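Structure file final_5.txt (compact mmCIF, C-alpha atoms and all ligand atoms) follows.
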# COMPACT_ATOMS: atom_id res chain seq x y z
CA MET A 1 126.19 101.77 113.09
CA VAL A 2 123.42 104.10 112.05
CA GLU A 3 122.37 106.26 115.00
CA GLY A 4 119.66 108.43 113.55
CA ASN A 5 119.07 112.10 114.11
CA GLU A 6 118.42 113.44 117.65
CA LYS A 7 115.51 115.55 116.39
CA LEU A 8 113.74 112.38 115.31
CA ASN A 9 113.04 111.54 118.97
CA ASN A 10 110.39 114.27 118.94
CA TYR A 11 108.48 112.36 116.30
CA LYS A 12 108.40 108.92 117.92
CA VAL A 13 104.86 107.63 118.38
CA GLY A 14 103.44 104.67 120.31
CA THR A 15 105.41 102.60 122.77
CA LEU A 16 107.00 100.11 120.42
CA PRO A 17 110.51 100.43 119.03
CA THR A 18 110.37 102.14 116.63
CA LEU A 19 107.73 104.13 114.88
CA ILE A 20 108.33 107.70 113.70
CA TYR A 21 105.58 109.91 112.30
CA ILE A 22 106.53 113.28 110.80
CA PRO A 23 103.53 115.44 109.83
CA ASP A 24 104.02 117.95 107.00
CA PHE A 25 107.28 116.36 105.87
CA ILE A 26 106.77 118.04 102.49
CA THR A 27 104.89 121.18 101.41
CA ASP A 28 101.75 121.38 99.28
CA SER A 29 103.77 122.41 96.24
CA GLU A 30 106.22 119.55 96.74
CA GLN A 31 103.21 117.22 96.89
CA SER A 32 101.90 118.63 93.60
CA PHE A 33 105.35 118.32 92.04
CA LEU A 34 105.54 114.63 92.99
CA LEU A 35 101.97 113.92 91.84
CA ASN A 36 102.63 115.63 88.49
CA ASN A 37 105.66 113.45 87.94
CA ILE A 38 103.92 110.26 89.07
CA TYR A 39 100.89 110.86 86.83
CA GLY A 40 103.14 112.19 84.06
CA ALA A 41 104.98 108.86 83.82
CA PRO A 42 104.15 106.67 80.83
CA THR A 43 101.11 104.43 81.38
CA SER A 44 103.37 101.43 80.83
CA LYS A 45 105.18 102.37 84.06
CA TRP A 46 102.06 101.35 86.04
CA LYS A 47 101.85 97.72 87.02
CA PRO A 48 98.23 96.76 87.69
CA LEU A 49 97.63 94.50 90.68
CA LYS A 50 94.36 93.01 91.87
CA ASN A 51 93.69 95.65 94.47
CA ARG A 52 95.89 98.62 93.53
CA ARG A 53 98.50 99.63 90.97
CA LEU A 54 102.15 100.49 91.40
CA GLN A 55 105.23 102.02 89.86
CA ASN A 56 108.63 100.53 90.58
CA TRP A 57 111.62 102.91 90.57
CA GLY A 58 115.26 102.07 91.21
CA GLY A 59 115.40 98.68 89.57
CA VAL A 60 114.24 95.12 90.06
CA VAL A 61 114.48 93.65 93.56
CA HIS A 62 115.53 90.02 93.70
CA GLU A 63 115.98 87.90 96.75
CA LYS A 64 119.71 88.25 96.22
CA GLY A 65 119.76 91.99 95.64
CA LEU A 66 118.95 94.82 93.28
CA LEU A 67 119.39 94.98 89.52
CA PRO A 68 119.74 98.76 89.67
CA GLN A 69 118.28 101.53 87.56
CA VAL A 70 119.10 105.16 88.27
CA LEU A 71 116.36 106.99 90.21
CA PRO A 72 115.01 110.07 88.37
CA PRO A 73 115.96 113.48 89.89
CA TRP A 74 112.36 114.22 90.93
CA LEU A 75 112.63 111.20 93.26
CA THR A 76 116.21 111.70 94.47
CA ASN A 77 115.18 115.15 95.80
CA LEU A 78 112.92 113.25 98.16
CA THR A 79 115.08 110.21 98.94
CA GLN A 80 118.07 112.44 99.68
CA LYS A 81 115.99 114.52 102.11
CA ILE A 82 114.79 111.37 103.89
CA TYR A 83 118.32 109.94 103.96
CA GLU A 84 119.86 113.12 105.38
CA GLU A 85 117.13 114.13 107.79
CA SER A 86 116.56 110.65 109.27
CA GLY A 87 120.17 109.50 109.52
CA LEU A 88 118.75 105.98 109.67
CA PHE A 89 120.10 104.53 106.43
CA PRO A 90 123.74 103.41 106.07
CA SER A 91 123.82 104.61 102.45
CA ALA A 92 121.56 106.44 100.01
CA ILE A 93 118.03 105.10 99.46
CA ASN A 94 118.05 103.30 96.11
CA HIS A 95 114.53 101.97 95.69
CA VAL A 96 111.06 103.58 95.64
CA LEU A 97 107.77 101.77 95.21
CA ILE A 98 104.80 103.99 94.41
CA ASN A 99 101.39 102.55 95.28
CA GLU A 100 98.10 104.06 94.18
CA TYR A 101 94.94 103.11 96.08
CA LEU A 102 91.38 103.96 95.07
CA PRO A 103 89.14 104.83 98.04
CA ASN A 104 88.08 101.20 98.55
CA GLN A 105 91.51 99.64 97.98
CA GLY A 106 94.16 98.57 100.46
CA ILE A 107 97.10 96.29 100.95
CA MET A 108 97.04 92.89 102.66
CA PRO A 109 98.92 92.57 105.95
CA HIS A 110 102.50 91.68 105.01
CA GLN A 111 106.13 92.00 105.99
CA ASP A 112 108.62 93.65 103.65
CA GLY A 113 111.02 91.31 101.86
CA PRO A 114 114.46 90.22 103.13
CA ALA A 115 116.35 92.07 100.38
CA TYR A 116 115.68 95.44 102.08
CA PHE A 117 117.64 97.12 104.86
CA PRO A 118 115.18 96.89 107.79
CA VAL A 119 114.10 100.54 107.85
CA VAL A 120 111.23 101.77 105.69
CA ALA A 121 110.09 105.34 105.02
CA ILE A 122 106.61 105.87 103.57
CA LEU A 123 105.51 109.26 102.24
CA SER A 124 101.73 109.64 101.93
CA LEU A 125 99.95 111.80 99.34
CA GLY A 126 96.27 112.37 98.55
CA SER A 127 93.58 110.88 100.76
CA PRO A 128 94.42 109.93 104.35
CA ALA A 129 94.33 106.29 105.42
CA VAL A 130 94.81 104.18 108.53
CA MET A 131 97.62 101.61 108.53
CA ASP A 132 97.14 98.62 110.82
CA PHE A 133 100.00 96.75 112.47
CA THR A 134 99.40 93.20 113.73
CA PRO A 135 101.89 90.98 115.54
CA HIS A 136 103.38 88.31 113.31
CA PRO A 137 101.35 85.05 113.44
CA ARG A 138 104.41 83.27 114.90
CA LEU A 139 103.87 85.37 118.05
CA LYS A 140 100.24 84.31 118.49
CA LEU A 141 99.53 82.22 121.57
CA ASP A 142 97.48 79.08 121.28
CA PRO A 143 94.08 79.92 122.86
CA GLN A 144 94.26 76.65 124.82
CA ASP A 145 97.60 77.66 126.40
CA VAL A 146 96.15 81.01 127.42
CA ILE A 147 93.17 79.33 129.13
CA ASP A 148 95.44 76.80 130.89
CA LYS A 149 97.81 79.51 132.19
CA ASP A 150 95.04 81.81 133.33
CA SER A 151 94.25 80.33 136.75
CA ASP A 152 90.81 81.84 137.20
CA GLY A 153 90.07 81.00 133.61
CA GLY A 154 87.98 84.10 133.22
CA ASN A 155 90.11 86.59 131.31
CA PHE A 156 90.12 85.08 127.88
CA GLU A 157 87.32 85.98 125.56
CA VAL A 158 86.52 83.58 122.77
CA GLY A 159 87.76 84.93 119.45
CA GLU A 160 90.18 87.37 121.05
CA ASP A 161 93.79 86.81 119.98
CA LYS A 162 96.61 86.96 122.51
CA TRP A 163 100.27 87.44 121.66
CA LEU A 164 103.60 86.67 123.26
CA ASP A 165 105.55 89.28 125.27
CA ASP A 166 103.02 92.06 125.30
CA HIS A 167 102.72 92.34 121.55
CA HIS A 168 99.39 93.75 120.47
CA PRO A 169 97.86 95.31 117.34
CA PHE A 170 97.90 99.08 116.82
CA SER A 171 97.16 101.53 114.04
CA VAL A 172 98.62 104.75 112.61
CA LEU A 173 96.78 107.54 110.80
CA LEU A 174 98.64 108.53 107.64
CA MET A 175 97.80 112.09 106.63
CA PRO A 176 98.82 113.51 103.25
CA ARG A 177 102.38 114.91 103.13
CA SER A 178 103.39 112.96 106.24
CA LEU A 179 106.33 110.59 106.51
CA LEU A 180 106.10 107.34 108.47
CA ILE A 181 109.32 105.53 109.30
CA PHE A 182 109.35 102.17 110.99
CA LYS A 183 112.14 99.81 112.04
CA ASP A 184 113.21 97.47 114.86
CA MET A 185 110.33 95.46 116.36
CA ALA A 186 107.69 97.34 114.37
CA TYR A 187 109.51 96.10 111.27
CA SER A 188 110.51 92.59 112.36
CA ASP A 189 107.66 91.42 114.62
CA TYR A 190 104.63 92.99 112.96
CA LEU A 191 102.72 92.80 109.70
CA HIS A 192 101.42 96.06 108.23
CA GLY A 193 98.38 96.52 106.03
CA ILE A 194 95.57 98.88 104.97
CA ARG A 195 91.94 97.78 104.93
CA ASP A 196 90.18 97.88 101.58
CA CYS A 197 87.20 100.01 102.56
CA ALA A 198 86.34 103.64 101.85
CA VAL A 199 85.89 104.63 105.51
CA HIS A 200 88.66 104.14 108.06
CA CYS A 201 88.30 104.60 111.80
CA TYR A 202 91.17 106.45 113.48
CA ASN A 203 89.95 106.03 117.05
CA GLY A 204 92.92 105.08 119.24
CA VAL A 205 95.63 105.41 116.59
CA VAL A 206 99.07 105.85 118.18
CA ASN A 207 99.62 109.24 116.53
CA GLU A 208 96.14 110.73 116.99
CA THR A 209 97.26 114.05 118.50
CA HIS A 210 100.23 114.43 116.16
CA ALA A 211 98.15 113.77 113.09
CA LEU A 212 95.11 115.80 114.13
CA LYS A 213 97.11 118.87 115.11
CA HIS A 214 97.62 119.23 111.43
CA MET A 215 94.06 118.48 110.49
CA GLU A 216 92.64 122.02 110.09
CA SER A 217 93.57 122.26 106.43
CA ASP A 218 92.32 118.73 105.85
CA ARG A 219 88.93 119.06 107.54
CA HIS A 220 87.06 117.88 104.47
CA PHE A 221 88.41 114.38 105.04
CA PHE A 222 86.88 114.23 108.50
CA SER A 223 83.43 115.71 108.18
CA SER A 224 80.59 115.51 105.79
CA SER A 225 79.34 118.56 103.92
CA GLU A 226 75.80 117.22 104.28
CA GLY A 227 74.98 119.03 107.51
CA ALA A 228 75.74 119.34 111.16
CA VAL A 229 74.19 116.10 112.38
CA GLU A 230 76.31 114.00 110.10
CA THR A 231 79.40 116.05 110.89
CA ILE A 232 78.99 115.38 114.60
CA ALA A 233 78.43 111.71 113.91
CA THR A 234 81.62 111.39 111.84
CA GLU A 235 83.67 113.17 114.48
CA LYS A 236 82.16 111.10 117.27
CA TYR A 237 83.06 107.89 115.51
CA LYS A 238 86.43 109.27 114.39
CA ASN A 239 86.07 108.18 110.83
CA ILE A 240 87.84 109.45 107.76
CA SER A 241 86.30 109.17 104.34
CA ARG A 242 88.81 108.24 101.70
CA ALA A 243 87.18 110.46 99.15
CA SER A 244 89.99 110.39 96.59
CA ASN A 245 93.04 108.32 95.71
CA ARG A 246 95.90 107.77 98.09
CA ILE A 247 99.41 107.60 96.66
CA SER A 248 102.29 106.38 98.78
CA LEU A 249 106.02 106.35 98.12
CA THR A 250 107.76 103.50 99.95
CA CYS A 251 111.44 104.42 100.12
CA ARG A 252 113.98 101.74 101.00
CA LEU A 253 117.57 100.67 100.65
CA VAL A 254 118.55 97.41 99.01
CA PRO A 255 122.10 97.06 100.39
CA LYS A 256 123.22 94.46 97.88
CA VAL A 257 123.44 95.93 94.39
CA HIS A 258 124.45 93.86 91.38
CA LYS A 259 126.93 95.87 89.35
CA ASN A 260 127.22 93.35 86.54
CA LEU A 261 124.07 91.86 85.02
CA PHE A 262 125.90 88.83 83.66
CA ARG A 263 127.37 87.74 86.92
CA PHE A 264 123.98 87.87 88.65
O1 LIG B 1 101.03 102.24 100.88
C1 LIG B 1 101.55 102.10 101.96
O2 LIG B 1 101.50 102.97 102.81
C2 LIG B 1 102.24 100.82 102.31
C3 LIG B 1 103.00 100.21 101.20
C4 LIG B 1 103.78 99.01 101.65
O3 LIG B 1 103.60 98.48 102.71
C5 LIG B 1 104.81 98.43 100.76
O4 LIG B 1 105.00 98.93 99.65
O5 LIG B 1 105.46 97.46 101.18
FE FE B 2 105.12 97.05 103.17
Is it possible to express this structure as structure tokens?
Amino acid sequence: MVEGNEKLNNYKVGTLPTLIYIPDFITDSEQSFLLNNIYGAPTSKWKPLKNRRLQNWGGVVHEKGLLPQVLPPWLTNLTQKIYEESGLFPSAINHVLINEYLPNQGIMPHQDGPAYFPVVAILSLGSPAVMDFTPHPRLKLDPQDVIDKDSDGGNFEVGEDKWLDDHHPFSVLLMPRSLLIFKDMAYSDYLHGIRDCAVHCYNGVVNETHALKHMESDRHFFSSSEGAVETIATEKYKNISRASNRISLTCRLVPKVHKNLFRF
């Protein structure tokens, strides 16, 4: 049984089990070191997708497990730190997916595949972004049921989704150098995604105070250099401009590893 580290409790955000947001998980120079290695990889390492590109490290993930490849040392520095400091993985992290998003790119709401141990750690680099969590469609109530159950019939707005057992959508602001870990219901009952537009609104995100405490050095993401009026407007609407690329490192464990290619 993986218990996790006591200190992690200080970084829990929101009300749902379990979302952990650690600001400043790595230093500026560690960020540069990772970016240098990521952009120093051969171009062939990038797999272009429709709305982003990615590098796959650790091997090929199949439904039945991992065809492993050794992680390079510049990545094991990081995965070992996450493994040790979180105490949430039963064995060493063996797979890292690196996503690169241009300012107007995102990732469709999705759930991570069944081959992974159900804890994911995402390190963010570059531009900030807001990640949205939505309850899984299987938890959506039929609007007709909601109207029938609601005796005064007045609380249901047309077009507003309702979910079972108090599930509801929420968002998290992902600042550069932060680590987001999610597991339990956040992992199993919710989809996660990032909208493909260059401005994200962080109003009401579950980690607003945690993320903004660390915002002083990142002020340029939050305000415009074009003058005071616009600066006030951006702060009032709590928008971030995704002025440059965002790079994320999704670190996971595939528990089942195929030792012998030919028996796979
Ligand atoms: O880029 C991110 O923060 C999310 C990536 C993700 O959800 C995934 O790789 O499954
Ligand atoms: Fe994901």
Could you give me, as a Markdown table, a per-residue list for chain A showing, wherever an atom lies at most 8 Å from an atom of ligand FE 2 (chain B), the closest pair of atoms and their distance in Å to one decimal, using all atoms listed in the file and sorting by chain then residue number from low to high?
| residue | atom | partner | partner_atom | distance |
| --- | --- | --- | --- | --- |
| A:His110 | CA | B:FE2 | FE | 6.3 |
| A:Gln111 | CA | B:FE2 | FE | 5.9 |
| A:Asp112 | CA | B:FE2 | FE | 4.9 |
| A:His192 | CA | B:FE2 | FE | 6.3 |
| A:Gly193 | CA | B:FE2 | FE | 7.3 |
| A:Thr250 | CA | B:FE2 | FE | 7.7 |
Taking a cut-off of 8 Å and counting only C-alpha atoms and all ligand atoms, can you build a table that, for each residue of chain A near ligand LIG 1 (chain B), reports the nearest atom pair and how far apart they are in Å (one decimal), sorted by chain then residue number, as a tab-separated table?
residue	atom	partner	partner_atom	distance
A:Leu97	CA	B:LIG1	O4	6.0
A:Ile98	CA	B:LIG1	O4	7.3
A:Asn99	CA	B:LIG1	O1	5.6
A:Glu100	CA	B:LIG1	O1	7.5
A:Tyr101	CA	B:LIG1	O1	7.8
A:Gly106	CA	B:LIG1	O1	7.8
A:Ile107	CA	B:LIG1	C2	7.0
A:His110	CA	B:LIG1	O3	7.3
A:Gln111	CA	B:LIG1	O5	7.3
A:Asp112	CA	B:LIG1	O5	5.5
A:Ile122	CA	B:LIG1	O2	5.9
A:Leu123	CA	B:LIG1	O2	7.5
A:Ser124	CA	B:LIG1	O2	6.7
A:Met131	CA	B:LIG1	O2	7.0
A:Leu174	CA	B:LIG1	O2	7.9
A:His192	CA	B:LIG1	O3	6.4
A:Gly193	CA	B:LIG1	O3	6.5
A:Ile194	CA	B:LIG1	C1	7.4
A:Ile247	CA	B:LIG1	O1	7.0
A:Ser248	CA	B:LIG1	O1	4.8
A:Leu249	CA	B:LIG1	O1	7.0
A:Thr250	CA	B:LIG1	O4	5.3
Next, write the just-selected residues to a file, as a PDB file, in the coordinates of the input, keeping C-alpha atoms as the atom set.
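Wrote out-v7.pdb, looks like this:
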ATOM      1  CA  LEU A  97     107.770 101.770  95.210  1.00  0.00           C
ATOM      2  CA  ILE A  98     104.800 103.990  94.410  1.00  0.00           C
ATOM      3  CA  ASN A  99     101.390 102.550  95.280  1.00  0.00           C
ATOM      4  CA  GLU A 100      98.100 104.060  94.180  1.00  0.00           C
ATOM      5  CA  TYR A 101      94.940 103.110  96.080  1.00  0.00           C
ATOM      6  CA  GLY A 106      94.160  98.570 100.460  1.00  0.00           C
ATOM      7  CA  ILE A 107      97.100  96.290 100.950  1.00  0.00           C
ATOM      8  CA  HIS A 110     102.500  91.680 105.010  1.00  0.00           C
ATOM      9  CA  GLN A 111     106.130  92.000 105.990  1.00  0.00           C
ATOM     10  CA  ASP A 112     108.620  93.650 103.650  1.00  0.00           C
ATOM     11  CA  ILE A 122     106.610 105.870 103.570  1.00  0.00           C
ATOM     12  CA  LEU A 123     105.510 109.260 102.240  1.00  0.00           C
ATOM     13  CA  SER A 124     101.730 109.640 101.930  1.00  0.00           C
ATOM     14  CA  MET A 131      97.620 101.610 108.530  1.00  0.00           C
ATOM     15  CA  LEU A 174      98.640 108.530 107.640  1.00  0.00           C
ATOM     16  CA  HIS A 192     101.420  96.060 108.230  1.00  0.00           C
ATOM     17  CA  GLY A 193      98.380  96.520 106.030  1.00  0.00           C
ATOM     18  CA  ILE A 194      95.570  98.880 104.970  1.00  0.00           C
ATOM     19  CA  ILE A 247      99.410 107.600  96.660  1.00  0.00           C
ATOM     20  CA  SER A 248     102.290 106.380  98.780  1.00  0.00           C
ATOM     21  CA  LEU A 249     106.020 106.350  98.120  1.00  0.00           C
ATOM     22  CA  THR A 250     107.760 103.500  99.950  1.00  0.00           C
TER      23      THR A 250
END
Mind dumping a table of every range 77-163 of chain A residue within 6 Å of range 4-23 of chain A, with the nearest atom pair and its distance in Å to one decimal, using all atoms listed in the file, sorted by chain and rising number, as a Markdown table?
| residue | atom | partner | partner_atom | distance |
| --- | --- | --- | --- | --- |
| A:Ser86 | CA | A:Asn5 | CA | 5.6 |
| A:Gly87 | CA | A:Gly4 | CA | 4.2 |
| A:Leu88 | CA | A:Gly4 | CA | 4.7 |
Discussion item. Could you list, as a PyMOL selection string, every residue within 9 Å of Asp132 in chain A, counting only C-alpha atoms and ignoring same-chain residues fewer than 5 positions away?
Written reply: chain A and resi 109+169-173+191-195
Worksheet item: CA of His62 in chain A and CA of Thr79 in chain A are how many Å apart?
Response: 20.9 Å
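Every protein, DNA or RNA residue with an atom at most 7 Å from Tyr202 in chain A, where all atoms listed in the file count and chain neighbours fewer than 2 positions away do not, is listed here: Val130, Leu173, His200, Gly204, Val205, Lys238 and Asn239 of chain A.
Distance-wise, CA of Leu212 in chain A and CA of Gln105 in chain A end up 23.1 Å apart.
Taking CA of Trp46 in chain A as the reference point, CA of Cys251 in chain A is found at 17.2 Å.
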